[in-house]
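The structure file protein-v9.csv is reproduced below (CSV, C-alpha atoms).
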```csv
chain,number,residue,atom,x,y,z
A,1,MET,CA,-38.6,128.2,83.6
A,2,ARG,CA,-39.3,127.7,79.8
A,3,VAL,CA,-42.9,128.1,78.7
A,4,ASP,CA,-44.5,127.4,75.4
A,5,VAL,CA,-47.1,129.8,74.1
A,6,ASN,CA,-48.6,130.4,70.7
A,7,LYS,CA,-47.7,134.0,69.9
A,8,ASN,CA,-49.8,134.1,66.8
A,9,VAL,CA,-53.0,133.4,68.8
A,10,ILE,CA,-52.2,136.3,71.1
A,11,LEU,CA,-51.5,138.6,68.1
A,12,GLU,CA,-54.8,137.6,66.6
A,13,GLU,CA,-56.6,138.7,69.8
A,14,VAL,CA,-54.7,142.0,69.9
A,15,LEU,CA,-55.6,142.7,66.2
A,16,VAL,CA,-59.2,142.0,66.9
A,17,GLU,CA,-59.2,144.3,69.9
A,18,LEU,CA,-57.4,147.1,68.2
A,19,ASP,CA,-59.1,146.8,64.9
A,20,GLN,CA,-61.1,150.0,65.3
A,21,LYS,CA,-58.0,151.9,66.3
A,22,ILE,CA,-56.1,150.6,63.3
A,23,ASN,CA,-58.9,151.4,61.0
A,24,TYR,CA,-59.0,154.9,62.4
A,25,SER,CA,-55.3,155.4,61.6
A,26,LEU,CA,-56.1,154.5,58.0
A,27,SER,CA,-58.7,157.2,57.7
A,28,GLU,CA,-56.2,159.8,56.5
A,29,THR,CA,-55.0,157.6,53.7
A,30,LEU,CA,-56.5,157.5,50.2
A,31,TYR,CA,-59.3,155.0,50.1
A,32,GLU,CA,-57.7,152.8,47.5
A,33,GLU,CA,-54.5,152.6,49.5
A,34,ARG,CA,-56.0,151.7,52.8
A,35,GLU,CA,-55.9,147.9,52.3
A,36,ASP,CA,-52.2,148.1,51.4
A,37,LEU,CA,-51.4,150.2,54.4
A,38,LYS,CA,-53.2,147.8,56.7
A,39,GLN,CA,-51.4,144.9,55.2
A,40,ASP,CA,-48.1,146.7,55.7
A,41,ILE,CA,-48.9,147.3,59.3
A,42,VAL,CA,-49.8,143.7,59.9
A,43,VAL,CA,-46.7,142.4,58.2
A,44,LYS,CA,-44.5,144.7,60.4
A,45,LEU,CA,-46.4,143.5,63.5
A,46,ILE,CA,-45.8,139.9,62.6
A,47,GLU,CA,-42.1,140.6,62.1
A,48,ALA,CA,-41.8,142.3,65.5
A,49,VAL,CA,-43.8,139.5,67.2
A,50,ASN,CA,-41.5,136.9,65.8
A,51,LYS,CA,-38.7,138.6,67.6
A,52,MET,CA,-40.5,138.9,70.9
A,53,GLU,CA,-39.1,136.8,73.6
A,54,VAL,CA,-41.5,134.6,75.6
A,55,VAL,CA,-40.8,135.5,79.3
A,56,SER,CA,-42.3,133.6,82.1
A,57,LEU,CA,-43.1,135.2,85.5
A,58,SER,CA,-40.1,133.5,87.2
A,59,THR,CA,-37.7,134.6,84.5
A,60,PHE,CA,-39.0,138.1,84.6
A,61,GLN,CA,-38.7,138.2,88.4
A,62,ASP,CA,-35.2,136.8,88.4
A,63,ARG,CA,-34.0,139.4,85.8
A,64,TYR,CA,-35.7,142.2,87.7
A,65,GLU,CA,-34.1,141.3,91.0
A,66,ASN,CA,-30.7,140.6,89.5
A,67,LYS,CA,-30.7,143.9,87.8
A,68,ASP,CA,-30.0,145.8,91.0
B,1,MET,CA,-37.4,141.1,100.9
B,2,ARG,CA,-37.2,144.8,99.9
B,3,GLU,CA,-36.6,143.8,96.3
B,4,ASN,CA,-39.7,141.6,96.4
B,5,LYS,CA,-41.8,144.6,97.7
B,6,THR,CA,-40.7,146.8,94.7
B,7,PHE,CA,-41.3,144.0,92.3
B,8,TYR,CA,-44.9,143.6,93.3
B,9,GLU,CA,-45.3,147.4,93.2
B,10,GLU,CA,-44.4,147.5,89.5
B,11,PRO,CA,-47.5,148.6,87.6
B,12,LEU,CA,-47.1,145.8,85.1
B,13,ILE,CA,-47.0,143.2,87.9
B,14,GLN,CA,-49.9,144.9,89.7
B,15,SER,CA,-52.0,144.8,86.6
B,16,PHE,CA,-51.2,141.1,86.2
B,17,PHE,CA,-52.2,140.3,89.8
B,18,ASN,CA,-55.3,142.5,89.7
B,19,ILE,CA,-56.7,139.6,87.8
B,20,PRO,CA,-58.3,137.4,90.5
B,21,LYS,CA,-57.3,134.1,89.1
B,22,ASN,CA,-53.6,135.2,89.0
B,23,LYS,CA,-53.8,136.4,92.6
B,24,ASP,CA,-55.3,133.1,93.7
B,25,LEU,CA,-52.5,131.2,91.9
B,26,LEU,CA,-49.9,133.4,93.5
B,27,LEU,CA,-51.3,132.6,97.0
B,28,LYS,CA,-51.3,128.9,96.2
B,29,LYS,CA,-47.7,129.2,95.0
B,30,ILE,CA,-46.5,131.1,98.1
B,31,ASN,CA,-48.6,129.5,100.8
B,32,HIS,CA,-48.8,126.0,99.6
B,33,LEU,CA,-45.6,125.8,97.5
B,34,ASP,CA,-47.9,124.5,94.7
B,35,ASP,CA,-45.7,123.8,91.7
B,36,ASP,CA,-48.6,123.4,89.4
B,37,ALA,CA,-49.8,126.9,90.4
B,38,ALA,CA,-46.3,128.2,89.8
B,39,GLN,CA,-46.2,126.8,86.4
B,40,GLU,CA,-49.6,128.0,85.4
B,41,LEU,CA,-48.6,131.5,86.6
B,42,ASP,CA,-45.5,131.4,84.5
B,43,VAL,CA,-47.6,130.6,81.4
B,44,ARG,CA,-50.3,133.1,82.2
B,45,PHE,CA,-47.8,135.9,82.7
B,46,ALA,CA,-45.9,135.0,79.5
B,47,ILE,CA,-49.2,135.5,77.6
B,48,PHE,CA,-50.1,138.6,79.5
B,49,PHE,CA,-46.7,140.2,79.0
B,50,LEU,CA,-46.7,139.4,75.3
B,51,LYS,CA,-50.1,140.9,74.9
B,52,VAL,CA,-49.0,144.1,76.6
B,53,ARG,CA,-46.0,144.4,74.4
B,54,MET,CA,-48.0,143.6,71.2
B,55,THR,CA,-50.6,146.2,72.1
B,56,SER,CA,-48.0,148.8,72.8
B,57,TYR,CA,-46.2,148.1,69.6
B,58,THR,CA,-49.4,148.1,67.5
B,59,ASN,CA,-50.4,151.5,69.0
B,60,LYS,CA,-46.9,152.9,68.1
B,61,LEU,CA,-47.0,151.5,64.6
B,62,THR,CA,-50.5,152.7,63.7
B,63,ARG,CA,-49.6,156.2,65.0
B,64,HIS,CA,-46.4,156.6,63.1
B,65,TYR,CA,-46.5,154.3,60.1
B,66,SER,CA,-49.5,155.7,58.3
B,67,LYS,CA,-47.8,159.0,58.0
B,68,GLU,CA,-44.6,157.5,56.5
B,69,PHE,CA,-46.7,155.4,54.2
B,70,ASP,CA,-48.7,158.4,52.9
B,71,LYS,CA,-45.4,160.3,52.3
B,72,LYS,CA,-43.9,157.4,50.3
B,73,ARG,CA,-47.0,157.0,48.2
B,74,ARG,CA,-47.3,160.7,47.5
B,75,ILE,CA,-43.7,160.7,46.2
B,76,GLN,CA,-44.4,157.6,44.0
B,77,ARG,CA,-47.6,159.2,42.6
B,78,TYR,CA,-45.9,162.4,41.5
B,79,GLN,CA,-42.7,160.8,40.3
B,80,LEU,CA,-41.8,161.8,36.7
B,81,GLN,CA,-41.8,159.1,34.0
B,82,LEU,CA,-38.1,159.6,33.5
B,83,ASP,CA,-35.9,157.0,35.0
B,84,LYS,CA,-35.0,159.0,38.1
B,85,PRO,CA,-34.4,157.2,41.3
B,86,VAL,CA,-36.4,158.5,44.2
B,87,GLU,CA,-34.2,159.7,47.0
B,88,GLU,CA,-34.9,157.7,50.1
B,89,GLU,CA,-35.3,159.9,53.1
B,90,SER,CA,-32.4,159.2,55.4
B,91,GLU,CA,-34.4,159.4,58.6
B,92,HIS,CA,-37.6,157.5,58.5
B,93,LEU,CA,-39.6,157.9,61.6
B,94,VAL,CA,-40.7,154.3,61.3
B,95,SER,CA,-37.1,153.1,61.4
B,96,LYS,CA,-36.8,154.8,64.8
B,97,ILE,CA,-39.6,152.6,66.1
B,98,ASP,CA,-37.7,150.1,67.9
B,99,SER,CA,-39.1,146.6,67.7
B,100,ASN,CA,-36.2,145.2,69.7
B,101,GLU,CA,-37.2,144.3,73.2
B,102,PRO,CA,-36.8,146.9,75.8
B,103,ASP,CA,-34.9,146.0,79.0
B,104,VAL,CA,-37.6,143.8,80.6
B,105,THR,CA,-36.6,144.9,84.0
B,106,ASP,CA,-37.3,148.5,83.3
B,107,ILE,CA,-40.7,147.9,81.7
B,108,PHE,CA,-42.5,150.6,83.8
B,109,SER,CA,-40.7,153.6,82.3
B,110,ARG,CA,-39.9,152.0,79.0
B,111,ASP,CA,-43.4,151.6,77.7
B,112,ILE,CA,-44.1,155.4,77.6
B,113,TYR,CA,-40.5,156.2,76.8
B,114,ASP,CA,-40.7,153.9,73.7
B,115,ILE,CA,-43.7,155.6,72.1
B,116,LEU,CA,-42.4,159.1,72.5
B,117,PRO,CA,-41.4,160.2,69.0
B,118,THR,CA,-38.5,162.6,69.6
B,119,ILE,CA,-35.3,162.5,71.6
B,120,GLN,CA,-36.3,165.8,73.3
B,121,MET,CA,-39.5,164.3,74.5
B,122,LYS,CA,-37.7,161.2,75.8
B,123,GLN,CA,-35.3,163.4,77.7
B,124,ILE,CA,-38.1,165.5,79.2
B,125,PHE,CA,-40.0,162.3,80.2
B,126,ASN,CA,-36.9,160.9,82.0
B,127,GLN,CA,-36.9,164.0,84.1
B,128,LEU,CA,-40.5,163.7,85.2
B,129,SER,CA,-41.2,162.5,88.8
B,130,PHE,CA,-42.2,159.0,89.5
B,131,GLU,CA,-45.8,160.0,90.2
B,132,LYS,CA,-46.1,161.8,86.8
B,133,LYS,CA,-44.7,158.8,84.9
B,134,LEU,CA,-47.0,156.5,86.7
B,135,ILE,CA,-50.0,158.7,85.9
B,136,LEU,CA,-49.1,158.8,82.3
B,137,HIS,CA,-48.7,155.0,82.3
B,138,TYR,CA,-52.1,154.4,83.8
B,139,PHE,CA,-53.7,157.0,81.5
B,140,THR,CA,-52.1,155.7,78.3
B,141,PHE,CA,-52.1,151.9,78.8
B,142,HIS,CA,-54.9,151.3,81.2
B,143,ASP,CA,-57.2,154.0,80.0
B,144,LEU,CA,-58.0,155.0,83.6
B,145,ASN,CA,-59.7,158.3,84.4
B,146,ASN,CA,-58.4,160.7,87.0
B,147,LYS,CA,-60.6,159.3,89.7
B,148,GLU,CA,-59.5,155.7,89.0
B,149,ILE,CA,-55.8,156.8,88.9
B,150,ALA,CA,-56.2,158.6,92.2
B,151,LYS,CA,-57.6,155.4,93.8
B,152,GLU,CA,-54.6,153.4,92.5
B,153,MET,CA,-52.2,156.0,93.8
B,154,SER,CA,-54.0,156.8,97.1
B,155,CYS,CA,-54.0,160.5,96.4
B,156,SER,CA,-56.7,163.0,95.4
B,157,PRO,CA,-58.1,163.2,91.9
B,158,GLN,CA,-57.2,166.9,92.0
B,159,ASN,CA,-53.6,166.0,92.5
B,160,VAL,CA,-53.7,163.5,89.6
B,161,SER,CA,-55.3,166.2,87.4
B,162,LYS,CA,-52.6,168.7,88.3
B,163,LEU,CA,-49.7,166.3,87.9
B,164,LYS,CA,-51.0,164.9,84.6
B,165,LYS,CA,-51.6,168.4,83.2
B,166,ASN,CA,-48.1,169.4,84.1
B,167,ALA,CA,-46.5,166.3,82.7
B,168,LEU,CA,-48.4,166.7,79.4
B,169,LYS,CA,-47.5,170.4,79.3
B,170,ASP,CA,-43.8,169.6,79.8
B,171,LEU,CA,-43.9,167.0,77.0
B,172,LYS,CA,-45.8,169.3,74.7
B,173,GLY,CA,-43.2,172.0,75.4
B,174,ALA,CA,-40.5,169.6,74.1
B,175,GLU,CA,-42.6,169.0,71.0
B,176,LYS,CA,-43.1,172.7,70.4
B,177,ASN,CA,-39.3,173.4,70.6
B,178,GLU,CA,-38.7,170.6,68.2
B,179,SER,CA,-41.0,172.0,65.6
B,180,ARG,CA,-39.7,175.5,66.1
B,181,ARG,CA,-36.3,174.3,65.3
B,182,LYS,CA,-37.4,172.7,62.1
```

Take the structure in this file and express it as structure tokens.
Amino acid sequence: MRVDVNKNVILEEVLVELDQKINYSLSETLYEEREDLKQDIVVKLIEAVNKMEVVSLSTFQDRYENKD
Amino acid sequence: MRENKTFYEEPLIQSFFNIPKNKDLLLKKINHLDDDAAQELDVRFAIFFLKVRMTSYTNKLTRHYSKEFDKKRRIQRYQLQLDKPVEEESEHLVSKIDSNEPDVTDIFSRDIYDILPTIQMKQIFNQLSFEKKLILHYFTFHDLNNKEIAKEMSCSPQNVSKLKKNALKDLKGAEKNESRRK
């Protein structure tokens, strides 16, 4: 079954939840370069999310069971 | 029937149905053949699964990309003013981070497998027992402590502690051999 979800909304939620973790990973970078690094990370994330397939429960289960 | 049992034992699926609303919808779908419930479940799972993958990828990225970024910037900063091209490193760790989708049917092992940085560690991980893999999964992605993992797995916390310690030790052993070789 095909489903329609807004991936960007989900990504926003994830970014908010993981914000502290992301900021922590920036701490070893020079202060003036942190903003750039964060932007790079977000861009990479958006690229990856665009490629992510939307998989419904029924599709997932079908694939799982047909695998064996 | 047997396939169904394994499916619902998958940690990803268990996490999803641990959410009470999802469990309710499943019961409606199975017991009352409720199509609306089935459709809602499809959507809710799609969102859940996307979120799991996004979180996993974000964690991977923040762990590895900052190091690559720093390396690049350091090279740029110290580059001579002469028109010399900077040699691109052939093996960027970040290029090994696979943003392609893992086999969705193997999500249980793939999520830890994907974030291991070296081939050696991936090989060692593949050889770990089912219990050890499951413990690492709960520990990493659900942030459960030993007591909570023991409850999920119906074993003692001491056993979880032992298995977790051994699994991490094995993986660290792979990392040490890797750095010794370098």

Rows by chain and residue number, chain A within 8 Å of chain B, shortest pair, all atoms listed in the file, as a Markdown table:
```
| residue | atom | partner | partner_atom | distance |
| --- | --- | --- | --- | --- |
| A:Met1 | CA | B:Asp42 | CA | 7.7 |
| A:Val3 | CA | B:Val43 | CA | 6.0 |
| A:Asp4 | CA | B:Val43 | CA | 7.5 |
| A:Val5 | CA | B:Ile47 | CA | 7.0 |
| A:Lys7 | CA | B:Leu50 | CA | 7.7 |
| A:Ile10 | CA | B:Lys51 | CA | 6.3 |
| A:Leu11 | CA | B:Met54 | CA | 6.8 |
| A:Val14 | CA | B:Thr55 | CA | 6.3 |
| A:Leu18 | CA | B:Thr55 | CA | 7.9 |
| A:Lys21 | CA | B:Thr62 | CA | 8.0 |
| A:Ile22 | CA | B:Thr62 | CA | 6.0 |
| A:Ser25 | CA | B:Thr62 | CA | 5.9 |
| A:Leu26 | CA | B:Ser66 | CA | 6.7 |
| A:Thr29 | CA | B:Asp70 | CA | 6.4 |
| A:Leu37 | CA | B:Ser66 | CA | 7.0 |
| A:Ile41 | CA | B:Leu61 | CA | 7.0 |
| A:Leu45 | CA | B:Thr58 | CA | 6.8 |
| A:Ala48 | CA | B:Ser99 | CA | 5.5 |
| A:Val49 | CA | B:Met54 | CA | 7.1 |
| A:Lys51 | CA | B:Asn100 | CA | 7.4 |
| A:Met52 | CA | B:Glu101 | CA | 6.7 |
| A:Glu53 | CA | B:Glu101 | CA | 7.7 |
| A:Val54 | CA | B:Ala46 | CA | 5.9 |
| A:Val55 | CA | B:Ala46 | CA | 5.1 |
| A:Ser56 | CA | B:Asp42 | CA | 4.6 |
| A:Leu57 | CA | B:Asp42 | CA | 4.6 |
| A:Ser58 | CA | B:Asp42 | CA | 6.4 |
| A:Phe60 | CA | B:Val104 | CA | 7.1 |
| A:Gln61 | CA | B:Phe7 | CA | 7.5 |
| A:Arg63 | CA | B:Thr105 | CA | 6.3 |
| A:Tyr64 | CA | B:Thr105 | CA | 4.7 |
| A:Glu65 | CA | B:Glu3 | CA | 6.4 |
| A:Lys67 | CA | B:Thr105 | CA | 7.1 |
```

Mind giving me the straight-line distance from atom CA of Tyr113 of chain B to atom CA of Lys162 of chain B in Å, one decimal?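 Interatomic distance, atom CA of Tyr113 of chain B to atom CA of Lys162 of chain B: 20.9 Å.
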
Counting all atoms listed in the file, the option among B:Ile135, B:Ala174, B:Leu12, B:Leu26 closest to Cys155 of chain B: B:Ile135

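Taking all atoms listed in the file into account, the polymer residues that have an atom no farther than 9 Å from (-40.9, 167.2, 72.1) are Leu116, Pro117, Thr118, Ile119, Gln120, Met121, Lys122, Gln123, Ile124, Asp170, Leu171, Lys172, Gly173, Ala174, Glu175, Lys176, Asn177, Glu178 and Ser179 of chain B.
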
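One distance worth recording is that between atom CA of Phe130 of chain B and atom CA of Phe16 of chain B, which is 20.3 Å.
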